[in-house]
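S.K.: The following block contains the structure, expressed as structure tokens.
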Amino acid sequence: MKEVTPNYPDAYIPYGTWGGSWFPAWHTSPLAEVDIARFAAESMAYVLGKRGIPISKLDYLISGSTIPWLYKFWGSPYLSHSFGHRLPGFHLEQACATGLQMIMKASAHIQGGSHTVVGALGFDKTSNSPAGVFPNQGTYRRTEVISDIWDNFGYDPASGQQGFNQATGETSMIACAGRAARKYKLDFSEVAEVSFLRYQQYFDAKDKGLLDKILFPLEILDVRGQPMGIVDGDYGIRRYTSVDQFKGERQLDTCVAAGGQTHASDGMFTLLITNKEKAQELSPNPEISIQLIASAEYRTGAGFMPDSVSFSVKGLLERTGLTMDDMVAVYDHNPFAVNDVIFSKLLDYDWHKMNDTGCPLVYGHPQGPTLLRVTVEALEKAVSVGGGYVLVFGCAAGDVGISAIFKVNDSKGGN
Amino acid sequence: MKAMRQTTLETVGLGSVIDMFRNGASPANTSELVDKVFGPANDRGSLVISGGNGIVGSGKAMQLGARLIDYDVPIVTIDLPDAPDGLGQHYPGLKGSFGPEKAGKIMANIVKLNYDGKSLPDKLGEFKPRFLLEAIPEILNIKLSHYELMRKSFPGIEMRSVTSGFPNSVLGVGVLHPSFPHQINKVWEVVEEKPSDITKLLWSIGLMPITVGDYWSFILDVLFCGITLTATRYHHATNMPFWKIDKFIRRLVGPNPVRAHDAIGPGASFLTWSCLHHLTETYGEVFSPTPELMRRKESGESWYSSNRPVIDWKMSDDEEFKNWILGPLYQMTSLMLHEDRAHLSHMNAIGELCAQFTNGILAMIRGTGADDVISRVEAYHKLHPEAAGSCWYPEVFENMDNHEWQQLYVNAEHDEGVGVITISRESLNWDVIDELNRAMDWLKAEGIDKVIVTGDFHMSTQMVGADTSEFYPALDNADEGIRVSKAWSETARRLYDDFEVSVGFIAGKRCLGGMLELLMHCHYLVSIDGAQVGLPEVTLPVIPGMEGCHWAFRKANPDQWQKVAEMLLDGKFIRANNATGWLIDFAGPLDDALKKAWAIVKGDDHGIEKKTVATDALDIPRDVPGLSDKPAMEPARKAIMDCIQASCGVPLSQALEIQAKHSGGFMTTKLCQKGEIGSSAKKIMNI
């Protein structure tokens, strides 16, 4: 393995201390009814408890989400209060890039020495998401009512100012995908094949129980304290059986059909970042070390979000001196199958080699925790092959691409 | 006089129970004791409660004020001027208990004075303070200077502290440590060299003084603070939220220790920390407070979130949970046993009476067995090695076969050929049944065949019936219900079959359900006249399973059957003097009742005809006119009437088996499962 100096050489992710909820599609589970912040906080304590880690080991909490929640003003301190251990910390959000941003910021805190064990807690609830009422002197209506999920998915105010027509849907996320597909002259058949493979990868991993290693069934209580149901699956996923099913779907925009785009879902995910000594203490497999090597962000042209990740990754590889051949696991947050095909073209990388255990295209898209889960699935993949470099990336609202490389080292040679 | 083990009354200087019967009188006279403690009526002094606005001080002002009102003892509370009023908030409860007129009178007898904490108000002297109950914060130097101030101002004043932590040897004054909720709970842990008039006075006004050793923190606080500590340790180790740990502790031991802290108020965490802090300094790490407690003793913040929980937790490792909870509890108990902190019955009862333990700590340990208890503590030490270094005395569990351990709830004494069996537990459970059998065996072995069965005149101020938690396993298993009913009935029958003369004696304010069924098996039933009796099973609903459905009919005349049927089918309580003739043989004032019971067992002239129990089948009318109109109760009434018909309709020799089948079978019905027992079982056990 090539040696690359990590950006945060003192920061480590303790293997096997992570976990999260399944990501049920919106309105398919009791998560639609809960206070998602408290759910996330309580679940974090639960997950860490199941991992044998007292929450009291943490001394800082970085939380991340994108959809407003009750008491959001209080941010991370409210969340740690909710699991009973009062921690300092802050809340951040950057749409679908939130998960990787949390890892970067947590690593920086460790490197700076300000804290020893930092929790990263990402969560979001797309179901029953709130609507905000904003005074806006600059618009005809003077007041804007924004439903955080659907209005923002449908309207990028940044691309809107570039001359796209909102009324015809040109400012939406899906329009970005269609526009990028046209730019790179994608073939819908290839996009359908990517989609089909992604579903196969997900269900193969699920059927083998690989996801059970990181996702926890959680019993949800209603306000009376009575059981409301158990969330034990990424509900709402259609089990496609042939590529022709994808090919037969109506294209909503160029190369974008139902099976080739993600869906809104709810959930949480958490992991820890700490120093080397603590990572070995906390991890059930102290022989495995995991470090963030470097990260990159790139903003592409207005309305071309899917290609942003490719440029982000290119920059990252150039900076680190690593190549795609150095990667033992490549995982991305791909709201559209189009993303993967464009990445494959621009990086000259076979899309068959990506996302071995699934991806958000299939299991859904609660923005805050998404890249945490993607990262952990990638790290688990790397551990399963004995370690190596791991590339994780994803696009985010505002035509942004974010990427990161992790190094997994297994001193015992791997599983 | 010979006894299985020491009578608990002796620990407070009040002799034995058999002496009460022999003397035909209570061992303490309230008027005389009031005179001794507060001075004669023409020079009556006052009870001063410092910290009178606090949770303890105000609660005790209510409790003692209500009980001393008839003796013209003024209650004077003193507190800091900015202390929020703690007395006024008790008034609604006082009014509910005593009615507006007496509540007003009690409140009118309470004088509130403010002081600055350094000098006493001039007016205080006018009330001739004779007895100070100190209930100020648990800060030693403040307490000591307070005593000094009182001594200087009122030489000779008797002082007691309500401290939950500081021993008498540190405070220099005696201890009367009360239990929450202070306006209601009758238990006081007493530390004094020998039983004083104050202690006897507390007993004579119906409270429960319990003598304990002079050690850091008293038994209640070792148990209550200790189990709270175990909850915080389990949380610390597993992240499980306190609300859920409470539920598991409730199922395992009985209390919700964390919730109790929130119920008591912000000061509770400080008190718990204070006790544990001093215990840690003296005894070691098994008592060491966790960071969660340290935080709350400073902030006073609640333990439960103000928001309802969102995700549930299941118990993934029940054994580890038991190691964390029971391990330290057993270890702490080994310390108390090693130090011989109290009569074992007292040590056992305190957990039940004051800390919501389902079974007393010693009964739990006895039921578990020494080997398993020791293994549990050792397993806990693997989880918390620091606790293994000190304060662990496994040898104290070696002698669990002796009477002190075996008779925690039931004692037997005998003298002059008469035995007295006393029950100190207010509700009947398997422990009591087993101990009753051992007590009867012992008396028989001692050649005693005349017996009085009663409460212990100390920790049992009433007999409320069966401990319904014993029925939980029967809710989905009729065989278990039948087993309970048969075994308990067979125990009760021994009072009728095994003794030449047996007298049930109701000394407390009520005798209900299973306890009444037990005592009605005696050849005679004597009661104090104010006691209430009844079989409220129909209201739960459950079918009386200790022969209540046929025994009273068999003892009564046919023209009295209507009253017996009403008692069973209405579930109402009846004053003992209104049940005389058909259920109770004699009801009168305490001294008269004691004399009557003694006369019966001694074979003296007592004028009461012994009732025979009909052994043939009886034809009890199914129609019972005059029952209250309660349609919701009809299905349970029908089930009870079916049992009455079936168990009375056969000879006595078959009745026990038949009523057990009815009782056990009924517990598996939806009616019972949706009733009080089923609901509480679901709430406590199904978590």
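Note on naming: chains are A, B, ... as they come in the structure tokens, residues start from 1 per chain, ligands start from 1 in the order shown.
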Report as a ChimeraX atom specification the set of chain A residues whose atoms approach chain B to within 7 Å, with distances computed over only C-alpha atoms.

M.R.: /A:34,38-39,42,45-46,49,52,54-56,218-223,225

S.K.: What's around Thr5 in chain A at 12 Å? Count only C-alpha atoms, leave out sequence neighbours fewer than 6 positions away in its own chain, and write the answer as a VMD selection string.

M.R.: chain A and resid 11 291 to 294 319 to 322 405 to 407

S.K.: Just the residues within 6 Å of range 454-457 of chain B, please, counting only C-alpha atoms, with nothing from its chain fewer than 6 positions along; format it as a PyMOL selection string.

M.R.: chain B and resi 422-424+505

S.K.: So, counting only C-alpha atoms, which residue among A:Gly89, A:Gly303, A:Pro14, A:Gly413 is closest to His109 in chain A?

M.R.: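 With only C-alpha atoms as the atom set, the closest residue is A:Gly89.
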
S.K.: Need the shell around Asn109 in chain B: protein/DNA/RNA residues with any atom at most 8 Å away, counting only C-alpha atoms. Skip same-chain ones fewer than 3 positions apart. Format as a PDB file with C-alpha atoms, in the first residue's frame?

M.R.:
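Result written to out_1.pdb:
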ATOM      1  CA  GLY B  65     -49.273  17.623  64.241  1.00  0.00           C
ATOM      2  CA  ILE B  69     -53.447  17.569  68.191  1.00  0.00           C
ATOM      3  CA  VAL B  73     -48.713  20.003  71.905  1.00  0.00           C
ATOM      4  CA  PRO B  74     -47.953  23.095  69.821  1.00  0.00           C
ATOM      5  CA  ILE B  75     -45.872  22.461  66.704  1.00  0.00           C
ATOM      6  CA  LYS B 105     -57.498  22.723  63.784  1.00  0.00           C
ATOM      7  CA  ILE B 106     -54.246  20.920  63.004  1.00  0.00           C
TER       8      ILE B 106
END

S.K.: How would you write, as JSON, numbers by chain, the set of residues in range 30-244 of chain A that DSSP gives as strand (DSSP E)?

M.R.: {"A": [60, 61, 62, 63, 64, 89, 90, 91, 92, 117, 118, 119, 120, 121, 122, 123, 124, 125, 131, 132, 133, 134, 135, 143, 144, 145, 146, 147, 215, 216, 218, 219, 220, 221, 227, 228, 229, 230, 231]}

S.K.: Could you name the residues that touch Asp399 in chain A at 9 Å or less, counting only C-alpha atoms, but leaving out those on the same chain fewer than 3 positions away, as a list of chain:residue names?

M.R.: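 The filter keeps A:Ser159, A:Cys176, A:Tyr298, A:Arg299, A:Thr300, A:Gly301, A:Ala302, A:Gly303, A:Phe304, A:Met305, A:Pro306, A:Asp307, A:Ser308, A:Cys395, A:Ala396.
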
S.K.: Env of Val118 in chain A: 9 Å cut, atoms = only C-alpha atoms, seq-sep filter 3 positions within chain, self excluded. Answer as a PyMOL selection string.

M.R.: chain A and resi 58-62+89+106-107+109-110+115+271-274

S.K.: I need the residues from that last selection saved to file as a PDB file, in the first residue's frame (with N, CA and C atoms), if you can.

M.R.:
ATOM      1  N   LEU A  58     -17.535   9.695  25.365  1.00  0.00           N
ATOM      2  CA  LEU A  58     -17.464  10.804  24.414  1.00  0.00           C
ATOM      3  C   LEU A  58     -17.224  12.120  25.154  1.00  0.00           C
ATOM      4  N   ASP A  59     -16.498  13.018  24.509  1.00  0.00           N
ATOM      5  CA  ASP A  59     -16.371  14.340  25.111  1.00  0.00           C
ATOM      6  C   ASP A  59     -16.743  15.459  24.140  1.00  0.00           C
ATOM      7  N   TYR A  60     -17.288  15.104  22.994  1.00  0.00           N
ATOM      8  CA  TYR A  60     -17.723  16.120  22.036  1.00  0.00           C
ATOM      9  C   TYR A  60     -18.684  15.470  21.066  1.00  0.00           C
ATOM     10  N   LEU A  61     -19.638  16.259  20.585  1.00  0.00           N
ATOM     11  CA  LEU A  61     -20.608  15.708  19.636  1.00  0.00           C
ATOM     12  C   LEU A  61     -20.805  16.672  18.469  1.00  0.00           C
ATOM     13  N   ILE A  62     -20.579  16.158  17.287  1.00  0.00           N
ATOM     14  CA  ILE A  62     -20.909  16.915  16.086  1.00  0.00           C
ATOM     15  C   ILE A  62     -22.121  16.241  15.460  1.00  0.00           C
ATOM     16  N   GLY A  89     -20.496  20.780  21.664  1.00  0.00           N
ATOM     17  CA  GLY A  89     -20.511  20.355  20.276  1.00  0.00           C
ATOM     18  C   GLY A  89     -21.289  21.332  19.427  1.00  0.00           C
ATOM     19  N   ALA A 106     -14.746  16.455  12.734  1.00  0.00           N
ATOM     20  CA  ALA A 106     -14.393  15.687  13.934  1.00  0.00           C
ATOM     21  C   ALA A 106     -12.905  15.350  13.931  1.00  0.00           C
ATOM     22  N   SER A 107     -12.394  14.995  12.765  1.00  0.00           N
ATOM     23  CA  SER A 107     -10.962  14.680  12.664  1.00  0.00           C
ATOM     24  C   SER A 107     -10.127  15.901  13.013  1.00  0.00           C
ATOM     25  N   HIS A 109     -10.962  18.266  15.027  1.00  0.00           N
ATOM     26  CA  HIS A 109     -11.014  18.465  16.488  1.00  0.00           C
ATOM     27  C   HIS A 109     -10.027  17.546  17.193  1.00  0.00           C
ATOM     28  N   ILE A 110      -9.941  16.327  16.726  1.00  0.00           N
ATOM     29  CA  ILE A 110      -8.982  15.398  17.336  1.00  0.00           C
ATOM     30  C   ILE A 110      -7.566  15.872  17.071  1.00  0.00           C
ATOM     31  N   HIS A 115     -10.386  17.817  21.823  1.00  0.00           N
ATOM     32  CA  HIS A 115     -11.203  16.754  22.400  1.00  0.00           C
ATOM     33  C   HIS A 115     -10.627  15.399  22.052  1.00  0.00           C
ATOM     34  N   LEU A 271     -20.946   7.439  14.073  1.00  0.00           N
ATOM     35  CA  LEU A 271     -19.623   6.820  14.236  1.00  0.00           C
ATOM     36  C   LEU A 271     -18.777   7.729  15.125  1.00  0.00           C
ATOM     37  N   LEU A 272     -17.635   7.226  15.530  1.00  0.00           N
ATOM     38  CA  LEU A 272     -16.761   7.961  16.433  1.00  0.00           C
ATOM     39  C   LEU A 272     -15.449   8.297  15.751  1.00  0.00           C
ATOM     40  N   ILE A 273     -14.856   9.372  16.157  1.00  0.00           N
ATOM     41  CA  ILE A 273     -13.508   9.728  15.712  1.00  0.00           C
ATOM     42  C   ILE A 273     -12.710  10.042  16.975  1.00  0.00           C
ATOM     43  N   THR A 274     -11.530   9.472  17.051  1.00  0.00           N
ATOM     44  CA  THR A 274     -10.766   9.618  18.282  1.00  0.00           C
ATOM     45  C   THR A 274      -9.267   9.512  17.973  1.00  0.00           C
TER      46      THR A 274
END

S.K.: How many Å separate CA of Gln659 in chain B from CA of Ser469 in chain B?

M.R.: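 Separating CA of Gln659 in chain B from CA of Ser469 in chain B is a distance of 20.4 Å.
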